[in-house]
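Notes to accompany the following structure.
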Amino acid sequence: MPNRAERRAQAKRNRRGVPQQYDQTQGRARSGMLDEYQLQEKSRHLQDGTDGPWKPSASTITETENVLMNTNPDYKNPKMFKAPHSVRQWFRVASWVLIALSAIAFLVVMWLPSHPMWLISTVAIVFAVGVLSLFFTAGNPKHNPNLDQNGTAV
């Protein structure tokens with residue numbers, strides 16, 4: 001019975017190249033053909049960020065790398081759209097209403113035969129006020145349940 005190194009080498013030789021049922025050369029030279037195994041290995045190395053053969057490293061996992069996520073990725077809030085319960089949230093709703101109304105007003109102004117400059121500038125100013133007011137009414141991101149500890153959306 002062959003030892004482990006010989007079995008691994010044999011398995012590696014068997015994986016290399018094109019399987020027999022897909023071999024279009026029927027034993028002829030493969031100089032112009034792609035080697036699927038090499039392409040997969042190269043892709044795996046690129047994904048891992050390594051180049052060349054694998055070499056063991058003597059690093060240990062530190063406690064900071066072993067921190068688990070404190071948010072649940074399967075978070076489902078049954079009350080996703082609940083009524084605003086603070087003044088800031090009412091201002092946020094008003095900001096979104098301003099943005100929606102200015103978008104509708106822009107579509108209306110766009111189809112008018114004559115474009116009065118005061119109307120176009122008013123619509124643009126209302127849109128800008130709506131967008132800028134979102135920055136002032138935004139809450140604290142530390143209390144957002146849809147963000148993990150790094151601020152990435154879950």
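Order determines the names: the first chain of the structure tokens is A, the second B, and so forth; residues in each chain are numbered 1 upward, and ligands are numbered 1 upward as they are shown.
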Residues near Val97 of chain A, cut-off 12 Å, only C-alpha atoms, skip fewer than 5 positions along chain, as a VMD selection string
chain A and resid 90 to 92 102 to 105 126 to 127 129 to 131 133 to 134
Under the rule that only C-alpha atoms are counted, which of A:His115, A:Ser95, A:Gln10, A:Asn3 is the nearest residue to Ala138 of chain A?
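Once distances to Ala138 of chain A are computed over only C-alpha atoms, the minimum belongs to A:Ser95.
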Interatomic distance between atom CA of Ala83 of chain A and atom CA of Phe106 of chain A?
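A separation of 28.4 Å between them.
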Just the residues within 12 Å of Asn140 of chain A, please, counting only C-alpha atoms, with nothing from its chain fewer than 6 positions along; format it as a VMD selection string.
chain A and resid 88 147 151
Atoms kept (all heavy atoms) for selection, written as a short mmCIF file (atom, residue, chain, number, x, y, z; two decimals), in the first residue's frame:
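Once everything was written out, this is out-v4.cif:
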```cif
data_model
loop_
_atom_site.label_atom_id
_atom_site.label_comp_id
_atom_site.auth_asym_id
_atom_site.auth_seq_id
_atom_site.Cartn_x
_atom_site.Cartn_y
_atom_site.Cartn_z
N ARG A 88 -37.01 64.34 15.58
CA ARG A 88 -36.00 64.10 14.55
C ARG A 88 -36.53 63.18 13.46
O ARG A 88 -36.28 63.39 12.28
CB ARG A 88 -34.74 63.52 15.18
CG ARG A 88 -33.61 63.39 14.18
CD ARG A 88 -32.37 62.81 14.78
NE ARG A 88 -32.63 61.43 15.14
CZ ARG A 88 -32.04 60.81 16.14
NH1 ARG A 88 -31.18 61.44 16.89
NH2 ARG A 88 -32.31 59.55 16.41
N LEU A 147 -26.22 47.59 11.20
CA LEU A 147 -24.77 47.74 11.00
C LEU A 147 -24.05 46.84 12.00
O LEU A 147 -24.48 46.70 13.14
CB LEU A 147 -24.33 49.19 11.22
CG LEU A 147 -24.93 50.24 10.29
CD1 LEU A 147 -24.41 51.62 10.68
CD2 LEU A 147 -24.63 49.94 8.86
N GLY A 151 -19.36 49.03 11.09
CA GLY A 151 -20.14 49.98 10.33
C GLY A 151 -20.58 49.46 8.98
O GLY A 151 -21.06 50.21 8.14
#
```
Identify which of the residues A:Val108, A:Leu132, A:Met117, A:Val123 lies closest to Trp96 of chain A, counting only C-alpha atoms when measuring atom-to-atom distances.
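Among A:Val108, A:Leu132, A:Met117, A:Val123, it is A:Leu132 that comes nearest to Trp96 of chain A.
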Go ahead and compute the interatomic distance for atom CA of Thr122 of chain A and atom CA of Leu101 of chain A, in Å to one decimal.
11.9 Å
